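**Student:** File name model.txt; file contents compact mmCIF, C-alpha atoms and all ligand atoms; full text below.
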# COMPACT_ATOMS: atom_id res chain seq x y z
CA MET A 1 0.61 3.12 -12.09
CA SER A 2 2.08 0.00 -10.51
CA LEU A 3 2.18 -3.77 -10.37
CA VAL A 4 -0.49 -4.75 -7.87
CA ALA A 5 -1.73 -7.95 -6.24
CA SER A 6 -5.18 -7.54 -4.68
CA GLY A 7 -6.70 -10.15 -2.42
CA VAL A 8 -4.64 -12.92 -4.02
CA THR A 9 -5.42 -16.38 -2.68
CA ARG A 10 -3.90 -19.67 -3.84
CA HIS A 11 -4.57 -23.16 -2.57
CA TYR A 12 -2.77 -26.37 -3.45
CA LEU A 13 -4.07 -29.87 -3.03
CA ARG A 14 -1.75 -32.00 -0.95
CA HIS A 15 -2.67 -35.53 0.09
CA ARG A 16 -6.22 -34.67 -1.02
CA LYS A 17 -6.31 -31.80 1.47
CA SER A 18 -6.41 -28.16 0.46
CA HIS A 19 -3.36 -26.23 1.62
CA THR A 20 -3.37 -22.43 1.58
CA ALA A 21 -0.18 -21.08 -0.01
CA LEU A 22 -1.43 -17.47 -0.33
CA SER A 23 -4.12 -16.01 1.83
CA GLY A 24 -5.59 -12.72 0.58
CA ILE A 25 -2.34 -10.98 -0.35
CA ASP A 26 -2.31 -7.27 -1.13
CA LEU A 27 0.95 -5.90 -2.52
CA ASP A 28 1.65 -2.75 -4.51
CA ILE A 29 4.99 -2.41 -6.29
CA ALA A 30 5.36 1.18 -7.39
CA PRO A 31 7.54 2.23 -10.35
CA GLY A 32 11.16 2.44 -9.21
CA ALA A 33 10.45 0.65 -5.90
CA ARG A 34 13.14 -1.54 -4.37
CA MET A 35 11.20 -4.03 -2.33
CA ALA A 36 12.27 -7.20 -0.59
CA LEU A 37 9.89 -10.08 0.03
CA VAL A 38 11.27 -12.19 2.84
CA GLY A 39 10.01 -15.10 4.88
CA GLU A 40 10.98 -18.59 5.89
CA SER A 41 10.84 -21.54 3.52
CA GLY A 42 7.27 -22.40 2.53
CA SER A 43 5.82 -18.99 3.49
CA GLY A 44 4.57 -18.42 -0.07
CA LYS A 45 7.20 -16.11 -1.60
CA THR A 46 7.71 -18.01 -4.84
CA THR A 47 3.99 -18.63 -5.30
CA LEU A 48 3.34 -14.89 -4.95
CA LEU A 49 6.15 -14.11 -7.37
CA LYS A 50 4.76 -16.53 -9.94
CA THR A 51 1.33 -14.97 -9.56
CA LEU A 52 2.77 -11.46 -10.04
CA LEU A 53 4.56 -12.74 -13.16
CA ALA A 54 1.37 -14.23 -14.64
CA LEU A 55 2.99 -17.66 -14.45
CA ASP A 56 0.43 -18.93 -11.95
CA ARG A 57 -3.29 -18.17 -11.68
CA PRO A 58 -4.70 -17.18 -8.28
CA ASP A 59 -7.84 -18.95 -7.06
CA SER A 60 -9.22 -15.55 -6.19
CA GLY A 61 -8.02 -11.97 -6.33
CA THR A 62 -6.27 -10.18 -9.17
CA VAL A 63 -2.91 -9.02 -10.44
CA THR A 64 -2.92 -5.81 -12.44
CA LEU A 65 -0.31 -3.73 -14.21
CA ASP A 66 -1.35 -0.09 -14.36
CA GLY A 67 -4.92 -1.28 -13.81
CA THR A 68 -4.95 -3.92 -16.58
CA PRO A 69 -5.57 -7.45 -15.24
CA VAL A 70 -2.91 -10.05 -16.05
CA ALA A 71 -3.13 -13.84 -15.81
CA PRO A 72 -1.40 -16.82 -17.41
CA GLY A 73 -2.01 -16.95 -21.16
CA SER A 74 -0.34 -17.36 -24.54
CA ALA A 75 3.10 -15.86 -25.14
CA ARG A 76 1.51 -13.57 -27.71
CA SER A 77 -1.20 -12.27 -25.37
CA LEU A 78 1.37 -11.59 -22.63
CA ARG A 79 4.01 -9.99 -24.83
CA TRP A 80 3.12 -6.45 -23.71
CA PHE A 81 3.41 -7.56 -20.07
CA ARG A 82 6.69 -9.47 -20.49
CA ARG A 83 8.28 -6.41 -22.13
CA ARG A 84 7.56 -4.51 -18.93
CA VAL A 85 7.91 -7.17 -16.22
CA GLN A 86 10.89 -9.52 -16.24
CA TYR A 87 12.10 -12.33 -14.03
CA ILE A 88 15.40 -13.59 -12.68
CA PRO A 89 14.79 -17.21 -11.67
CA GLN A 90 16.35 -18.82 -8.65
CA ASP A 91 18.37 -21.42 -10.49
CA PRO A 92 19.91 -20.20 -13.77
CA ALA A 93 21.15 -23.70 -14.57
CA THR A 94 17.59 -24.87 -15.21
CA SER A 95 16.46 -21.72 -17.02
CA LEU A 96 19.27 -21.34 -19.57
CA ASP A 97 19.14 -23.52 -22.69
CA PRO A 98 22.45 -25.44 -22.54
CA ARG A 99 22.71 -25.56 -26.36
CA LYS A 100 22.67 -21.81 -26.84
CA SER A 101 25.59 -19.39 -26.71
CA VAL A 102 25.56 -16.63 -24.11
CA VAL A 103 24.80 -13.93 -26.68
CA ASP A 104 21.92 -15.99 -28.16
CA LEU A 105 20.49 -16.65 -24.69
CA VAL A 106 20.17 -12.91 -24.17
CA ALA A 107 19.16 -11.95 -27.73
CA THR A 108 16.42 -14.60 -28.18
CA PRO A 109 13.90 -13.12 -25.70
CA LEU A 110 14.36 -9.73 -27.39
CA ARG A 111 13.33 -11.32 -30.69
CA LEU A 112 10.39 -13.14 -29.11
CA LEU A 113 9.22 -9.94 -27.43
CA GLY A 114 9.49 -8.03 -30.71
CA SER A 115 11.84 -5.49 -29.12
CA GLU A 116 13.10 -2.70 -31.36
CA GLY A 117 16.76 -2.42 -32.36
CA ASP A 118 19.66 -4.73 -33.14
CA HIS A 119 19.04 -7.65 -30.78
CA ARG A 120 22.62 -8.92 -30.73
CA ALA A 121 23.96 -5.43 -30.06
CA LEU A 122 21.43 -4.97 -27.24
CA ALA A 123 22.41 -8.38 -25.86
CA ARG A 124 26.11 -7.45 -25.94
CA ASN A 125 25.34 -4.21 -24.08
CA ALA A 126 23.30 -6.02 -21.43
CA LEU A 127 26.07 -8.58 -20.97
CA ALA A 128 28.69 -5.83 -20.69
CA ALA A 129 26.53 -4.17 -18.01
CA VAL A 130 26.80 -7.32 -15.88
CA GLY A 131 30.54 -7.57 -16.50
CA LEU A 132 30.54 -10.27 -19.20
CA ASN A 133 32.67 -9.03 -22.08
CA GLU A 134 33.25 -10.20 -25.68
CA ARG A 135 35.20 -13.30 -24.70
CA PHE A 136 32.10 -14.79 -23.02
CA LEU A 137 29.68 -14.26 -25.91
CA GLN A 138 30.11 -17.60 -27.67
CA ARG A 139 30.40 -19.76 -24.56
CA ARG A 140 27.69 -22.20 -23.48
CA PRO A 141 26.23 -22.23 -19.92
CA SER A 142 28.28 -25.35 -19.08
CA GLU A 143 31.43 -23.32 -19.78
CA LEU A 144 30.54 -20.68 -17.16
CA SER A 145 30.62 -20.55 -13.36
CA GLY A 146 27.41 -20.38 -11.32
CA GLY A 147 27.88 -16.65 -10.77
CA GLN A 148 28.54 -16.05 -14.47
CA ASN A 149 25.38 -17.98 -15.39
CA GLN A 150 23.44 -15.94 -12.86
CA ARG A 151 24.77 -12.80 -14.53
CA VAL A 152 23.63 -14.14 -17.93
CA ALA A 153 20.16 -14.62 -16.39
CA ILE A 154 20.26 -11.03 -15.13
CA ALA A 155 21.40 -9.70 -18.53
CA ARG A 156 18.60 -11.65 -20.19
CA ALA A 157 16.04 -10.13 -17.85
CA VAL A 158 17.28 -6.55 -18.18
CA ALA A 159 18.12 -6.46 -21.93
CA CYS A 160 14.59 -5.34 -22.85
CA GLU A 161 14.82 -2.58 -20.21
CA PRO A 162 11.84 -3.75 -18.16
CA GLU A 163 10.08 -1.44 -15.73
CA TYR A 164 9.81 -4.21 -13.14
CA LEU A 165 12.40 -6.85 -12.33
CA LEU A 166 11.35 -9.73 -10.06
CA ALA A 167 14.22 -11.84 -8.72
CA ASP A 168 13.72 -15.13 -6.88
CA GLU A 169 16.53 -15.82 -4.40
CA PRO A 170 19.08 -14.33 -6.80
CA VAL A 171 22.12 -15.37 -4.74
CA SER A 172 21.04 -18.55 -2.96
CA GLY A 173 23.35 -21.44 -3.67
CA LEU A 174 26.26 -19.19 -4.65
CA ASP A 175 29.50 -19.15 -2.71
CA LEU A 176 30.51 -15.96 -0.93
CA ASP A 177 32.55 -14.40 -3.76
CA LEU A 178 29.93 -15.08 -6.42
CA ARG A 179 27.19 -13.88 -4.09
CA GLU A 180 29.02 -10.56 -3.66
CA GLN A 181 29.50 -10.26 -7.45
CA VAL A 182 25.81 -10.84 -8.19
CA LEU A 183 24.65 -8.51 -5.39
CA ASP A 184 26.97 -5.79 -6.72
CA VAL A 185 25.52 -6.22 -10.22
CA LEU A 186 21.92 -6.04 -8.98
CA GLY A 187 22.63 -3.12 -6.65
CA GLU A 188 24.34 -1.20 -9.44
CA LEU A 189 21.51 -1.91 -11.89
CA SER A 190 18.82 -0.74 -9.53
CA THR A 191 20.63 2.52 -8.74
CA ARG A 192 21.58 3.23 -12.38
CA THR A 193 18.16 2.54 -13.92
CA SER A 194 14.61 3.34 -12.86
CA THR A 195 13.65 -0.35 -12.93
CA ALA A 196 11.59 -1.41 -9.92
CA LEU A 197 13.10 -4.38 -8.10
CA LEU A 198 11.24 -7.04 -6.13
CA VAL A 199 13.72 -9.40 -4.53
CA VAL A 200 12.47 -12.63 -2.99
CA SER A 201 14.78 -13.95 -0.31
CA HIS A 202 14.75 -15.84 2.92
CA ASP A 203 17.85 -13.83 3.82
CA LEU A 204 17.42 -10.44 5.49
CA SER A 205 20.99 -9.40 4.71
CA VAL A 206 20.24 -9.64 0.97
CA ALA A 207 17.11 -7.55 1.50
CA ALA A 208 19.03 -4.91 3.46
CA ARG A 209 21.72 -4.74 0.81
CA LEU A 210 19.45 -4.23 -2.21
CA CYS A 211 16.14 -2.78 -1.07
CA SER A 212 14.60 0.18 0.71
CA ASP A 213 11.27 -1.46 1.59
CA ILE A 214 10.38 -4.88 2.87
CA SER A 215 7.36 -7.14 3.17
CA VAL A 216 7.58 -10.13 5.48
CA MET A 217 5.61 -13.28 4.67
CA CYS A 218 4.49 -15.97 7.07
CA ASP A 219 2.11 -18.84 6.27
CA GLY A 220 0.80 -17.27 3.06
CA SER A 221 0.18 -13.80 4.51
CA ILE A 222 2.14 -10.57 4.59
CA VAL A 223 2.55 -10.02 8.32
CA GLU A 224 4.66 -6.87 8.29
CA SER A 225 5.79 -4.28 5.76
CA GLY A 226 7.48 -0.90 5.69
CA SER A 227 10.87 0.68 5.18
CA ILE A 228 13.76 -1.70 5.75
CA ALA A 229 15.28 0.65 8.30
CA ALA A 230 12.06 0.78 10.35
CA VAL A 231 11.24 -2.92 10.12
CA LEU A 232 14.74 -4.10 10.92
CA THR A 233 15.29 -1.74 13.85
CA ASN A 234 11.82 -2.17 15.30
CA PRO A 235 10.22 -5.41 14.08
CA SER A 236 6.63 -5.73 15.25
CA HIS A 237 5.84 -9.33 14.25
CA PRO A 238 7.38 -12.33 16.04
CA HIS A 239 8.17 -13.90 12.68
CA THR A 240 10.23 -10.85 11.64
CA ARG A 241 12.05 -10.96 14.97
CA ALA A 242 12.83 -14.63 14.44
CA LEU A 243 14.20 -13.92 10.95
CA LEU A 244 16.24 -11.07 12.36
CA ASP A 245 17.66 -13.24 15.12
CA ALA A 246 19.00 -15.53 12.41
CA VAL A 247 21.14 -12.64 11.10
CA PRO A 248 22.82 -11.25 14.24
CA ARG A 249 25.08 -8.93 12.20
CA LEU A 250 22.11 -6.78 11.13
CA ARG A 251 21.03 -6.16 14.70
CA SER A 252 24.35 -4.73 15.76
CA ASN A 253 24.62 -2.41 12.69
N1 LIG A 301 3.01 -26.99 -7.04
C1 LIG A 301 2.73 -27.11 -5.75
N2 LIG A 301 1.95 -28.14 -5.30
C2 LIG A 301 1.64 -28.25 -4.00
N3 LIG A 301 2.04 -27.40 -3.04
C3 LIG A 301 2.83 -26.38 -3.42
C4 LIG A 301 3.22 -26.18 -4.79
N4 LIG A 301 4.00 -25.06 -4.86
C5 LIG A 301 4.10 -24.60 -3.60
N5 LIG A 301 3.41 -25.39 -2.74
C6 LIG A 301 3.27 -25.18 -1.29
O1 LIG A 301 2.86 -23.83 -1.06
C7 LIG A 301 3.55 -23.29 0.04
C8 LIG A 301 4.32 -22.05 -0.39
O2 LIG A 301 5.38 -22.47 -1.25
P1 LIG A 301 6.40 -21.43 -1.89
O3 LIG A 301 7.30 -22.18 -2.81
O4 LIG A 301 5.63 -20.29 -2.45
O5 LIG A 301 7.19 -20.94 -0.59
P2 LIG A 301 8.55 -20.11 -0.48
O6 LIG A 301 8.33 -19.12 0.59
O7 LIG A 301 8.94 -19.58 -1.82
O8 LIG A 301 9.57 -21.23 -0.01
P3 LIG A 301 11.14 -21.38 -0.33
O9 LIG A 301 11.81 -20.24 0.39
O10 LIG A 301 11.48 -22.72 0.27
O11 LIG A 301 11.33 -21.33 -1.82
C9 LIG A 301 4.46 -24.38 0.58
O12 LIG A 301 3.80 -25.00 1.66
C10 LIG A 301 4.61 -25.33 -0.57
O13 LIG A 301 4.80 -26.64 -0.12
Once you've parsed the file, please lay out its structure as structure tokens.

**Tutor:**
Amino acid sequence: MSLVASGVTRHYLRHRKSHTALSGIDLDIAPGARMALVGESGSGKTTLLKTLLALDRPDSGTVTLDGTPVAPGSARSLRWFRRRVQYIPQDPATSLDPRKSVVDLVATPLRLLGSEGDHRALARNALAAVGLNERFLQRRPSELSGGQNQRVAIARAVACEPEYLLADEPVSGLDLDLREQVLDVLGELSTRTSTALLVVSHDLSVAARLCSDISVMCDGSIVESGSIAAVLTNPSHPHTRALLDAVPRLRSN
């Protein structure tokens, strides 16, 4: 019972040459897991996330949810999967329809997924859970701050109560205050619910704050994984040590 990538490989053509973005990745996200996926820019984190979300098709290998294979397909054929696996994109500004009100942005996916219940009431509850109260409901994304839009994106992802939440750099590009706000919201959500969290980040401090396990990517491979405490105190791969050196605070803690 888990979201699993097995032997996932993905190549891209660049300047007519094949470039390996993912090289035989195995990753198992158990129910309720809180896992960070870290690595420097270009290591393959987003490509793996897209593959796990059935937004991108691997060249070889499989992604399965509780043993059922998933791959890109029609919205209808993936409805069962999207009800269970949701996504917080890196840049909410490009993922939120600027014409829609906040409450509609959160209620619409519930309608499309055929979720049970009063969609607007569920949307209001999800927005309240991320600290956006009634006075925000009719605003448009352009009338919100970056951190507020990021919280709308979180509410949208959690409103259908998914079992797995995959977040791509959820706080990159936010200033310090907004970053703290969004990390608090995600941390609170993952402790209050049984939703599994996979957080993609190039930042080890974000990983340490939200997750209990970590996988480190380098050049399309997972080079190290384990509990955050073990990996951060005793990194075995040079790439992990280099990432750690970039966050001196973590070393001294
Ligand atoms: N659509 C694409 N076409 C060609 N190459 C791509 C494409 N998407 C990703 N790549 C390449 O695949 C590799 C992995 O990219 P990916 O975006 O998964 O890395 P990342 O670890 O998420 O990086 P970042 O932290 O900068 O977002 C990179 O070398 C990237 O240039």

**Student:** Would you list the residues that come within 10 Å of ligand LIG 301 (chain A)? Count only C-alpha atoms and all ligand atoms and give the answer as a PyMOL selection string.

**Tutor:** chain A and resi 10-15+18-22+37-51+56+90+168-169+172+200-203+217-220

**Student:** Separation of CA of Ala75 (chain A) and CA of Arg124 (chain A), in Å?

**Tutor:** 24.5 Å

**Student:** How many Å lie between CA of Arg82 (chain A) and CA of Leu53 (chain A), rounded to one decimal?

**Tutor:** 8.3 Å

**Student:** Please provide as a ChimeraX atom specification all residues within 9 Å of region 151-157 of chain A, with the sequence filter that same-chain residues fewer than 3 positions apart are discarded (counting all atoms listed in the file).

**Tutor:** /A:85-89,92,95-96,102-103,105-110,123,125-132,141,146-148,160-162,165,167,181-182,185-186

**Student:** Residues at most 8 Å from Arg209 (chain A), counting all atoms listed in the file, excluding those fewer than 3 positions away in the same chain, as a list of chain:residue names?

**Tutor:** A:Leu183, A:Gly187, A:Ser205, A:Val206

**Student:** Quick one: of A:Ala159, A:Ala242, A:Gln150, A:Pro69, who's nearest to Val171 (chain A), counting only C-alpha atoms?

**Tutor:**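 The shortest atom-to-atom distance to Val171 (chain A) comes from A:Gln150.
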